[in-house]
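Pasting start-v6.cif here (mmCIF, C-alpha atoms and all ligand atoms):
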```
data_entry
#
loop_
_atom_site.label_atom_id
_atom_site.label_comp_id
_atom_site.auth_asym_id
_atom_site.auth_seq_id
_atom_site.Cartn_x
_atom_site.Cartn_y
_atom_site.Cartn_z
CA MET L 1 22.33 -0.53 -41.78
CA SER L 2 21.05 -3.06 -39.27
CA GLU L 3 17.36 -3.35 -38.48
CA PRO L 4 16.34 -1.24 -35.48
CA HIS L 5 15.19 -3.47 -32.66
CA HIS L 6 13.40 -2.96 -29.40
CA LEU L 7 15.21 -1.65 -26.39
CA ILE L 8 16.98 -4.30 -24.33
CA PRO L 9 17.00 -3.13 -20.71
CA LEU L 10 19.91 -3.77 -18.37
CA ASN L 11 17.55 -5.33 -15.88
CA ARG L 12 13.90 -6.11 -15.42
CA PRO L 13 12.63 -7.08 -11.99
CA CYS L 14 12.01 -10.79 -11.81
CA PHE L 15 8.37 -11.89 -11.52
CA THR L 16 7.27 -15.52 -11.39
CA GLY L 17 3.50 -15.32 -10.81
CA LYS L 18 3.68 -17.08 -7.44
CA GLU L 19 4.08 -13.74 -5.65
CA LEU L 20 0.44 -12.66 -6.15
CA GLU L 21 -0.84 -15.93 -4.81
CA TYR L 22 1.09 -15.53 -1.57
CA ILE L 23 0.20 -11.84 -1.24
CA SER L 24 -3.51 -12.62 -1.37
CA SER L 25 -3.00 -15.45 1.08
CA ALA L 26 -1.24 -13.01 3.44
CA LEU L 27 -4.15 -10.59 3.08
CA TYR L 28 -6.66 -13.24 4.09
CA THR L 29 -4.76 -14.03 7.29
CA GLY L 30 -5.71 -10.55 8.48
CA LYS L 31 -2.15 -9.89 9.66
CA ILE L 32 0.04 -7.92 7.31
CA ALA L 33 2.44 -6.09 9.62
CA GLY L 34 5.92 -7.41 10.43
CA ASP L 35 6.72 -10.84 11.89
CA GLY L 36 3.83 -12.52 10.08
CA ILE L 37 3.53 -15.97 8.58
CA PHE L 38 5.46 -15.18 5.40
CA THR L 39 8.29 -13.47 7.25
CA LEU L 40 8.66 -16.70 9.21
CA LYS L 41 8.46 -18.82 6.06
CA CYS L 42 11.25 -16.81 4.43
CA GLN L 43 13.39 -17.12 7.55
CA GLU L 44 12.82 -20.88 7.64
CA PHE L 45 13.79 -21.10 3.99
CA PHE L 46 17.09 -19.28 4.61
CA LYS L 47 17.81 -21.41 7.65
CA LYS L 48 17.25 -24.64 5.77
CA LYS L 49 19.00 -23.75 2.54
CA TYR L 50 21.98 -21.71 3.75
CA HIS L 51 22.14 -22.44 7.52
CA PHE L 52 21.48 -18.78 8.30
CA LYS L 53 20.35 -19.40 11.87
CA LYS L 54 19.36 -15.86 12.74
CA THR L 55 17.92 -13.55 10.10
CA PHE L 56 16.02 -10.27 10.13
CA LEU L 57 14.04 -9.22 7.09
CA THR L 58 14.62 -5.49 6.75
CA PRO L 59 13.24 -2.77 4.47
CA SER L 60 16.59 -2.70 2.62
CA CYS L 61 20.17 -3.91 2.63
CA THR L 62 21.08 -0.38 3.72
CA ASP L 63 18.88 -0.83 6.81
CA ALA L 64 20.48 -4.19 7.54
CA LEU L 65 23.89 -2.48 7.54
CA GLU L 66 22.51 0.28 9.79
CA MET L 67 21.37 -2.37 12.22
CA ALA L 68 24.84 -3.90 12.17
CA ALA L 69 26.45 -0.50 12.82
CA LEU L 70 24.15 0.07 15.81
CA LEU L 71 24.87 -3.39 17.20
CA MET L 72 28.63 -2.95 16.92
CA GLU L 73 28.24 0.37 18.77
CA ILE L 74 30.25 2.20 16.16
CA LYS L 75 31.12 5.68 17.42
CA LYS L 76 33.02 8.80 16.53
CA GLY L 77 36.71 8.11 15.96
CA ASP L 78 36.22 4.49 14.91
CA GLU L 79 37.67 3.55 11.57
CA ILE L 80 35.81 1.22 9.22
CA ILE L 81 37.58 -0.26 6.20
CA VAL L 82 35.21 -0.24 3.22
CA PRO L 83 35.87 -0.95 -0.45
CA SER L 84 35.54 2.09 -2.67
CA PHE L 85 34.09 0.20 -5.62
CA THR L 86 30.55 -0.01 -4.27
CA LEU L 87 27.38 1.92 -3.55
CA SER L 88 27.12 4.68 -0.92
CA SER L 89 25.02 2.25 1.13
CA THR L 90 28.08 0.22 2.08
CA ALA L 91 29.59 3.24 3.85
CA ASN L 92 26.65 5.45 4.86
CA PRO L 93 25.50 3.35 7.85
CA PHE L 94 28.90 3.94 9.47
CA ILE L 95 29.02 7.63 8.51
CA LEU L 96 25.69 7.95 10.32
CA ARG L 97 27.46 6.65 13.47
CA GLU L 98 30.18 9.30 12.83
CA ALA L 99 32.87 6.76 12.01
CA LYS L 100 35.71 7.51 9.63
CA ILE L 101 35.62 5.49 6.43
CA ILE L 102 38.96 4.14 5.25
CA PHE L 103 38.65 3.19 1.59
CA ALA L 104 40.34 0.04 0.35
CA ASP L 105 41.38 -0.60 -3.24
CA SER L 106 40.14 -3.30 -5.62
CA GLN L 107 42.10 -6.26 -6.95
CA LYS L 108 43.65 -6.04 -10.37
CA LYS L 109 41.79 -9.07 -11.65
CA PHE L 110 38.47 -8.52 -9.87
CA PRO L 111 36.49 -5.49 -8.76
CA ASN L 112 36.48 -7.12 -5.30
CA VAL L 113 38.52 -5.59 -2.51
CA SER L 114 42.21 -6.50 -2.30
CA VAL L 115 43.44 -8.26 0.84
CA GLU L 116 46.75 -6.33 0.73
CA SER L 117 44.90 -3.03 0.59
CA ILE L 118 42.82 -3.96 3.64
CA ALA L 119 45.91 -5.14 5.53
CA GLU L 120 47.82 -1.89 5.01
CA LYS L 121 44.91 0.21 6.26
CA ILE L 122 44.42 -1.44 9.63
CA THR L 123 45.30 0.81 12.59
CA HIS L 124 44.58 0.72 16.33
CA LYS L 125 41.39 2.68 15.56
CA THR L 126 40.01 0.13 13.10
CA LYS L 127 36.80 -1.42 14.35
CA ALA L 128 35.52 -3.37 11.37
CA ILE L 129 36.13 -4.55 7.83
CA VAL L 130 33.32 -4.48 5.27
CA VAL L 131 33.60 -6.54 2.10
CA VAL L 132 31.37 -6.50 -0.98
CA HIS L 133 31.09 -9.68 -3.04
CA TYR L 134 30.87 -7.89 -6.37
CA ALA L 135 28.64 -9.58 -8.96
CA GLY L 136 28.07 -12.40 -6.47
CA ILE L 137 31.72 -13.41 -6.81
CA ALA L 138 33.22 -14.08 -3.39
CA CYS L 139 36.06 -11.98 -2.01
CA GLU L 140 39.22 -13.76 -0.77
CA MET L 141 37.51 -14.72 2.45
CA SER L 142 40.09 -17.08 4.03
CA GLU L 143 42.67 -14.29 4.06
CA ILE L 144 40.18 -11.62 5.11
CA ILE L 145 38.78 -13.73 7.94
CA SER L 146 42.27 -14.31 9.32
CA LEU L 147 43.06 -10.58 9.08
CA ALA L 148 39.90 -9.81 11.04
CA LYS L 149 40.65 -12.48 13.65
CA LYS L 150 44.28 -11.47 14.07
CA ASN L 151 43.36 -7.83 14.60
CA ASN L 152 40.20 -8.48 16.59
CA LEU L 153 37.94 -6.71 14.08
CA PHE L 154 34.32 -7.24 13.17
CA LEU L 155 33.75 -8.54 9.66
CA ILE L 156 30.67 -7.51 7.69
CA GLU L 157 29.70 -8.97 4.35
CA ASP L 158 27.79 -6.57 2.15
CA ALA L 159 26.20 -9.50 0.35
CA ALA L 160 23.72 -7.34 -1.58
CA HIS L 161 24.74 -9.13 -4.81
CA ALA L 162 25.46 -12.46 -3.30
CA LEU L 163 22.40 -14.57 -2.49
CA ASP L 164 22.98 -18.20 -3.49
CA ALA L 165 26.70 -17.74 -4.08
CA TYR L 166 29.43 -19.78 -2.39
CA TYR L 167 33.06 -19.64 -1.29
CA LYS L 168 34.80 -22.99 -0.78
CA ASN L 169 31.36 -24.61 -0.53
CA LYS L 170 30.18 -22.19 2.16
CA PRO L 171 27.29 -19.88 1.33
CA LEU L 172 28.18 -16.19 1.27
CA GLY L 173 26.48 -14.55 4.20
CA LEU L 174 27.78 -17.13 6.63
CA LEU L 175 31.38 -15.91 6.71
CA GLY L 176 31.27 -12.61 8.60
CA ASP L 177 29.90 -11.55 12.00
CA PHE L 178 27.14 -9.94 9.97
CA ALA L 179 25.91 -10.16 6.40
CA ALA L 180 23.50 -7.84 4.63
CA PHE L 181 21.49 -8.94 1.59
CA SER L 182 19.37 -6.86 -0.76
CA PHE L 183 16.08 -7.70 -2.43
CA HIS L 184 15.96 -4.45 -4.38
CA GLU L 185 14.42 -4.81 -7.84
CA THR L 186 17.87 -4.88 -9.43
CA LYS L 187 18.95 -8.02 -7.55
CA ASN L 188 18.42 -11.68 -8.53
CA ILE L 189 15.67 -12.21 -5.96
CA THR L 190 13.48 -9.23 -5.19
CA CYS L 191 10.45 -7.87 -3.40
CA GLY L 192 10.79 -4.36 -4.86
CA GLU L 193 12.60 -2.93 -1.87
CA GLY L 194 13.83 -5.23 0.86
CA GLY L 195 16.84 -6.67 2.61
CA MET L 196 18.04 -9.05 5.26
CA LEU L 197 20.52 -9.02 8.09
CA VAL L 198 22.18 -12.35 8.85
CA LEU L 199 23.62 -12.55 12.34
CA ASN L 200 26.39 -15.07 12.79
CA ASN L 201 27.91 -13.68 15.98
CA LYS L 202 25.87 -14.95 18.94
CA LYS L 203 26.90 -11.98 21.07
CA PHE L 204 24.41 -9.74 19.26
CA MET L 205 21.36 -12.01 19.11
CA GLU L 206 19.40 -10.60 22.02
CA ARG L 207 20.04 -6.94 21.34
CA ALA L 208 19.30 -7.31 17.62
CA GLU L 209 15.76 -8.40 18.46
CA ILE L 210 15.27 -5.21 20.46
CA ILE L 211 16.94 -2.75 18.09
CA CYS L 212 14.81 -3.85 15.14
CA GLN L 213 11.60 -3.51 17.20
CA LYS L 214 11.81 0.22 17.94
CA GLY L 215 13.94 -0.47 21.00
CA THR L 216 11.31 -2.65 22.69
CA ASP L 217 11.36 -6.26 23.89
CA ARG L 218 8.32 -7.07 21.75
CA ILE L 219 9.89 -10.25 20.33
CA ARG L 220 10.18 -11.74 23.81
CA PHE L 221 6.54 -10.81 24.30
CA LEU L 222 5.59 -12.53 21.02
CA LYS L 223 7.47 -15.63 22.22
CA LYS L 224 5.36 -15.37 25.41
CA GLU L 225 8.46 -15.00 27.58
CA ILE L 226 7.04 -11.82 29.14
CA VAL L 227 3.46 -10.59 29.66
CA LYS L 228 3.92 -7.08 28.30
CA TYR L 229 6.58 -5.39 26.27
CA GLN L 230 8.32 -2.11 26.93
CA TRP L 231 10.96 0.30 25.76
CA THR L 232 14.38 -1.00 26.86
CA ASP L 233 17.00 0.33 24.43
CA ILE L 234 17.63 2.51 21.36
CA GLY L 235 16.20 1.15 18.14
CA SER L 236 14.30 1.72 14.96
CA SER L 237 11.69 0.00 12.82
CA PHE L 238 13.69 -2.50 10.82
CA VAL L 239 10.85 -4.87 9.90
CA ILE L 240 8.93 -5.44 6.69
CA SER L 241 5.25 -5.88 6.02
CA ASP L 242 4.13 -9.47 5.56
CA LEU L 243 2.83 -8.45 2.12
CA THR L 244 6.41 -7.76 1.12
CA ALA L 245 7.55 -11.01 2.71
CA ALA L 246 4.83 -12.86 0.78
CA PHE L 247 6.16 -11.43 -2.48
CA LEU L 248 9.68 -12.46 -1.48
CA TYR L 249 8.54 -15.96 -0.57
CA GLY L 250 7.03 -16.32 -4.05
CA GLN L 251 10.47 -15.64 -5.46
CA LEU L 252 12.27 -17.93 -3.03
CA MET L 253 9.98 -20.78 -4.05
CA ASN L 254 11.30 -20.21 -7.59
CA LEU L 255 14.90 -19.63 -6.61
CA LYS L 256 16.26 -22.69 -8.42
CA LYS L 257 14.48 -21.83 -11.64
CA ILE L 258 15.55 -18.19 -11.50
CA GLN L 259 19.16 -19.06 -10.76
CA ARG L 260 19.32 -21.76 -13.43
CA ARG L 261 18.11 -19.30 -16.06
CA ARG L 262 20.48 -16.54 -15.03
CA MET L 263 23.41 -18.96 -14.98
CA GLN L 264 22.52 -20.18 -18.48
CA PHE L 265 22.59 -16.63 -19.78
CA TRP L 266 25.81 -15.87 -17.94
CA LYS L 267 27.50 -18.92 -19.50
CA MET L 268 26.13 -18.12 -22.94
CA TYR L 269 27.64 -14.64 -22.77
CA PHE L 270 30.91 -16.10 -21.57
CA ASP L 271 31.11 -18.72 -24.33
CA LYS L 272 30.00 -16.47 -27.14
CA LEU L 273 32.40 -13.68 -26.14
CA SER L 274 35.38 -15.97 -25.52
CA VAL L 275 36.81 -15.30 -28.96
CA LEU L 276 37.10 -11.60 -28.14
CA HIS L 277 38.86 -12.50 -24.89
CA GLN L 278 41.31 -14.74 -26.76
CA GLU L 279 41.95 -11.94 -29.26
CA ARG L 280 42.59 -9.65 -26.26
CA LYS L 281 39.92 -7.20 -27.37
CA ILE L 282 38.12 -7.51 -24.03
CA LEU L 283 38.68 -9.31 -20.74
CA LEU L 284 36.17 -11.80 -19.37
CA PRO L 285 35.93 -12.59 -15.64
CA GLN L 286 38.22 -15.55 -14.81
CA ILE L 287 36.60 -16.97 -11.71
CA HIS L 288 38.57 -19.20 -9.31
CA ASP L 289 37.40 -22.79 -9.06
CA TYR L 290 36.75 -22.47 -5.30
CA VAL L 291 34.24 -19.69 -5.96
CA LYS L 292 30.69 -20.41 -7.10
CA HIS L 293 29.07 -17.17 -8.20
CA ASN L 294 25.36 -16.56 -8.71
CA ALA L 295 25.22 -14.87 -12.13
CA HIS L 296 24.17 -11.57 -10.59
CA ILE L 297 26.05 -9.46 -13.12
CA PHE L 298 27.72 -10.28 -16.40
CA TYR L 299 30.55 -7.83 -16.89
CA ILE L 300 33.36 -7.45 -19.36
CA GLN L 301 36.41 -5.24 -19.07
CA CYS L 302 37.83 -2.98 -21.78
CA HIS L 303 41.46 -1.89 -22.00
CA ASN L 304 40.83 1.78 -21.31
CA LYS L 305 38.15 4.38 -20.67
CA LYS L 306 38.11 5.70 -24.23
CA GLU L 307 37.36 2.30 -25.69
CA ARG L 308 34.88 1.47 -22.92
CA ASP L 309 32.94 4.70 -23.45
CA ALA L 310 32.89 4.13 -27.21
CA LEU L 311 31.56 0.58 -26.72
CA LEU L 312 28.86 1.86 -24.34
CA ARG L 313 27.87 4.54 -26.86
CA HIS L 314 27.68 1.96 -29.63
CA LEU L 315 25.50 -0.40 -27.57
CA ASN L 316 23.25 2.36 -26.23
CA LYS L 317 22.78 3.79 -29.71
CA ASN L 318 21.62 0.36 -30.82
CA GLY L 319 19.02 0.05 -28.09
CA ILE L 320 21.09 -2.02 -25.66
CA CYS L 321 21.15 -0.69 -22.12
CA ALA L 322 24.66 -1.79 -21.20
CA ALA L 323 26.14 0.29 -18.40
CA PHE L 324 29.27 1.14 -16.48
CA HIS L 325 29.25 0.49 -12.77
CA TYR L 326 29.97 2.35 -9.57
CA SER L 327 31.39 5.79 -9.53
CA SER L 328 33.92 4.98 -6.85
CA LEU L 329 33.15 6.34 -3.40
CA HIS L 330 36.56 7.89 -2.73
CA THR L 331 36.14 10.24 -5.71
CA SER L 332 32.54 11.22 -4.87
CA SER L 333 31.93 14.88 -4.13
CA PHE L 334 30.70 13.99 -0.64
CA ILE L 335 33.94 12.24 0.32
CA ARG L 336 36.25 14.58 -1.54
CA GLN L 337 34.87 17.60 0.37
CA GLN L 338 35.60 15.98 3.71
CA TYR L 339 38.60 13.74 3.09
CA GLY L 340 40.40 15.49 0.23
CA LYS L 341 41.98 13.64 -2.67
CA ILE L 342 42.47 9.89 -2.27
CA SER L 343 44.07 7.69 -4.90
CA LEU L 344 43.03 4.06 -5.44
CA PRO L 345 44.39 3.05 -8.84
CA GLN L 346 42.65 -0.33 -9.24
CA THR L 347 39.26 1.00 -8.20
CA GLU L 348 39.63 3.83 -10.68
CA GLN L 349 40.64 1.33 -13.36
CA TRP L 350 37.43 -0.66 -12.81
CA GLU L 351 35.34 2.47 -12.74
CA ASN L 352 36.78 3.40 -16.13
CA THR L 353 36.78 0.06 -17.91
CA ILE L 354 33.88 -2.13 -16.76
CA VAL L 355 30.75 -2.76 -18.85
CA ARG L 356 27.69 -4.57 -17.51
CA LEU L 357 25.55 -6.37 -20.07
CA PRO L 358 21.77 -6.89 -19.87
CA LEU L 359 20.95 -9.95 -17.75
CA PHE L 360 17.54 -10.71 -16.29
CA PHE L 361 15.20 -13.64 -15.70
CA GLN L 362 12.74 -12.88 -18.50
CA MET L 363 15.46 -12.19 -21.04
CA SER L 364 15.31 -14.09 -24.31
CA GLU L 365 18.13 -15.85 -26.09
CA LYS L 366 17.42 -13.64 -29.06
CA GLN L 367 18.05 -10.55 -26.95
CA LEU L 368 21.29 -12.03 -25.72
CA ASP L 369 22.38 -12.78 -29.27
CA THR L 370 21.63 -9.20 -30.27
CA VAL L 371 23.88 -7.92 -27.48
CA VAL L 372 26.67 -10.30 -28.49
CA LYS L 373 26.31 -9.41 -32.17
CA GLU L 374 26.60 -5.69 -31.46
CA ILE L 375 29.72 -6.22 -29.34
CA PHE L 376 31.33 -8.15 -32.22
CA ARG L 377 30.25 -5.48 -34.68
CA PHE L 378 31.94 -2.83 -32.50
CA PHE L 379 35.25 -4.66 -32.45
CA GLN L 380 35.30 -5.42 -36.17
C1 LIG L 401 22.00 -2.80 -4.05
C2 LIG L 401 23.16 -2.62 -3.12
C3 LIG L 401 23.01 -2.13 -1.81
C4 LIG L 401 21.75 -1.52 -1.32
O1 LIG L 401 20.68 -2.34 -1.31
P1 LIG L 401 19.28 -1.73 -0.84
O2 LIG L 401 18.48 -2.96 -0.56
O3 LIG L 401 18.76 -0.92 -1.97
O4 LIG L 401 19.53 -0.93 0.39
C5 LIG L 401 24.10 -2.11 -0.98
N1 LIG L 401 25.30 -2.54 -1.38
C6 LIG L 401 25.49 -2.99 -2.63
C7 LIG L 401 26.84 -3.48 -3.02
C8 LIG L 401 24.44 -3.02 -3.54
O5 LIG L 401 24.64 -3.43 -4.79
#
```
What is this file in structure tokens?
Ligand SMILES: *Cc1c(COP(=O)(O)O)cnc(C)c1O
Amino acid sequence: MSEPHHLIPLNRPCFTGKELEYISSALYTGKIAGDGIFTLKCQEFFKKKYHFKKTFLTPSCTDALEMAALLMEIKKGDEIIVPSFTLSSTANPFILREAKIIFADSQKKFPNVSVESIAEKITHKTKAIVVVHYAGIACEMSEIISLAKKNNLFLIEDAAHALDAYYKNKPLGLLGDFAAFSFHETKNITCGEGGMLVLNNKKFMERAEIICQKGTDRIRFLKKEIVKYQWTDIGSSFVISDLTAAFLYGQLMNLKKIQRRRMQFWKMYFDKLSVLHQERKILLPQIHDYVKHNAHIFYIQCHNKKERDALLRHLNKNGICAAFHYSSLHTSSFIRQQYGKISLPQTEQWENTIVRLPLFFQMSEKQLDTVVKEIFRFFQ
């Protein structure tokens, strides 16, 4: 019998120490509502590092997608193509606008959406394509961008996983009309709950500033372009407290360190598990050389559900919180009730065979070795 060891969680929210410093500094400014100093600092950071010219810090990635749906004026009868291998949040913002979701299938080699599946689902009612860069690994963006252009569709990147990841040297988040990031505690960079909308399509700049400010032109007022602000449009409150932004800024100032660590762990898993890949016991992600991922998730793939579930049971029993990922949206009870049975074989394959391994900033090499050891023990 092996020694029992402490529980190894799947994730622990990253904390660097810098966050508290900035939060107290925000408190002393006496301004802790939205659009404060730290919100601006975060926006400047994103502009400088990733050339995101126009960003909105939002309470969540879900909110950022809701903002996008409002801006695109999605309405009843519109069709939105969304991958099924994702969270409800990728689709819900469009359901709220009464659009019809058309689910696209995954690739065989990646959980990411397949270009062919998107292409065959485009109709005259299609208004937009949403992609999810699963695990911070970019989708096939050249092909998807040309599909969107050719058919005059909006392109939205659900980049919840994808901060600091690149496609052909371009940062993810810069490739669609809109991109939505998440700073939820499960993501690489966090402020507990938080998100960001990146606007790349100039057409929406002005209205975005109004929609996020409860439908008022307050931002023009803050820029001193007008003497008082008023209600001019529909909108909501899509801003975050400067306390939250201060926490986020603390993380951004440590971005390099956080990313370096995560990447080290990701590579260690990859190298140590390579033997099992060569022996065809498991499959490791084979990432294209034009894609630079961000070590958001380390996943392996089993050959079938039975083996995957047995591996998960073995790891969980030994205190390792490995997990499956995404119950696909097209098989959810919510969608099934309204849309009936839909079949997406690759998505279902991923749902049944993927295993996510513990990966977090404060993880130790010893913990990683324990995970690896237990995986080997299972396959022996
Ligand atoms: C985490 C996540 C979201 C939601 O992020 P929130 O900030 O919690 O709203 C959306 N899409 C994907 C793919 C995610 O992983």
Quick one: which region 157-196 of chain L residues come within 8 Å of region 130-137 of chain L, and what is the nearest atom pair for each with the distance in Å to one decimal, counting all atoms listed in the file, rows ordered by chain and ascending number, as JSON lines?
```
{"residue": "L:Glu157", "atom": "CA", "partner": "L:Val131", "partner_atom": "CA", "distance": 5.1}
{"residue": "L:Asp158", "atom": "CA", "partner": "L:Val132", "partner_atom": "CA", "distance": 4.8}
{"residue": "L:Ala159", "atom": "CA", "partner": "L:His133", "partner_atom": "CA", "distance": 6.0}
{"residue": "L:Ala160", "atom": "CA", "partner": "L:Val132", "partner_atom": "CA", "distance": 7.7}
{"residue": "L:His161", "atom": "CA", "partner": "L:Gly136", "partner_atom": "CA", "distance": 5.0}
{"residue": "L:Ala162", "atom": "CA", "partner": "L:Gly136", "partner_atom": "CA", "distance": 4.1}
{"residue": "L:Leu163", "atom": "CA", "partner": "L:Gly136", "partner_atom": "CA", "distance": 7.3}
{"residue": "L:Ala165", "atom": "CA", "partner": "L:Gly136", "partner_atom": "CA", "distance": 6.0}
```
All residues 6 Å or closer to Val198 (chain L), only C-alpha atoms, same chain fewer than 2 positions away omitted, as a list of chain:residue names: L:Lys54, L:Thr55, L:Phe178, L:Ala179
Using all atoms listed in the file, which protein or nucleic acid residues are at most 8 Å from ligand LIG 401 (chain L), as a PDB file with C-alpha atoms, keeping the file's coordinate frame?
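What landed in selection20.pdb:
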```pdb
ATOM      1  CA  PRO L  59      13.240  -2.770   4.470  1.00  0.00           C
ATOM      2  CA  SER L  60      16.590  -2.700   2.620  1.00  0.00           C
ATOM      3  CA  CYS L  61      20.170  -3.910   2.630  1.00  0.00           C
ATOM      4  CA  THR L  62      21.080  -0.380   3.720  1.00  0.00           C
ATOM      5  CA  ASP L  63      18.880  -0.830   6.810  1.00  0.00           C
ATOM      6  CA  ALA L  64      20.480  -4.190   7.540  1.00  0.00           C
ATOM      7  CA  THR L  86      30.550  -0.010  -4.270  1.00  0.00           C
ATOM      8  CA  LEU L  87      27.380   1.920  -3.550  1.00  0.00           C
ATOM      9  CA  SER L  88      27.120   4.680  -0.920  1.00  0.00           C
ATOM     10  CA  SER L  89      25.020   2.250   1.130  1.00  0.00           C
ATOM     11  CA  THR L  90      28.080   0.220   2.080  1.00  0.00           C
ATOM     12  CA  VAL L 132      31.370  -6.500  -0.980  1.00  0.00           C
ATOM     13  CA  HIS L 133      31.090  -9.680  -3.040  1.00  0.00           C
ATOM     14  CA  TYR L 134      30.870  -7.890  -6.370  1.00  0.00           C
ATOM     15  CA  ASP L 158      27.790  -6.570   2.150  1.00  0.00           C
ATOM     16  CA  ALA L 159      26.200  -9.500   0.350  1.00  0.00           C
ATOM     17  CA  ALA L 160      23.720  -7.340  -1.580  1.00  0.00           C
ATOM     18  CA  HIS L 161      24.740  -9.130  -4.810  1.00  0.00           C
ATOM     19  CA  PHE L 181      21.490  -8.940   1.590  1.00  0.00           C
ATOM     20  CA  SER L 182      19.370  -6.860  -0.760  1.00  0.00           C
ATOM     21  CA  PHE L 183      16.080  -7.700  -2.430  1.00  0.00           C
ATOM     22  CA  HIS L 184      15.960  -4.450  -4.380  1.00  0.00           C
ATOM     23  CA  THR L 186      17.870  -4.880  -9.430  1.00  0.00           C
ATOM     24  CA  LYS L 187      18.950  -8.020  -7.550  1.00  0.00           C
ATOM     25  CA  GLU L 193      12.600  -2.930  -1.870  1.00  0.00           C
ATOM     26  CA  GLY L 194      13.830  -5.230   0.860  1.00  0.00           C
ATOM     27  CA  GLY L 195      16.840  -6.670   2.610  1.00  0.00           C
TER      28      GLY L 195
END
```
Given the choices L:Ala26, L:Gly77, L:Glu140, L:Phe238, which gets closest to Leu65 (chain L) if the distance is worked out from only C-alpha atoms? L:Phe238
Report as a list of chain:residue names all protein, DNA and RNA residues lying within 10 Å of Asp217 (chain L), evaluated on all atoms listed in the file, omitting residues in the same chain fewer than 5 positions from it.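 Here the qualifying residues turn out to be L:Glu206, L:Arg207, L:Glu209, L:Ile210, L:Ile211, L:Cys212, L:Leu222, L:Glu225, L:Ile226, L:Lys228, L:Tyr229, L:Gln230, L:Trp231, L:Thr232, L:Asp233.
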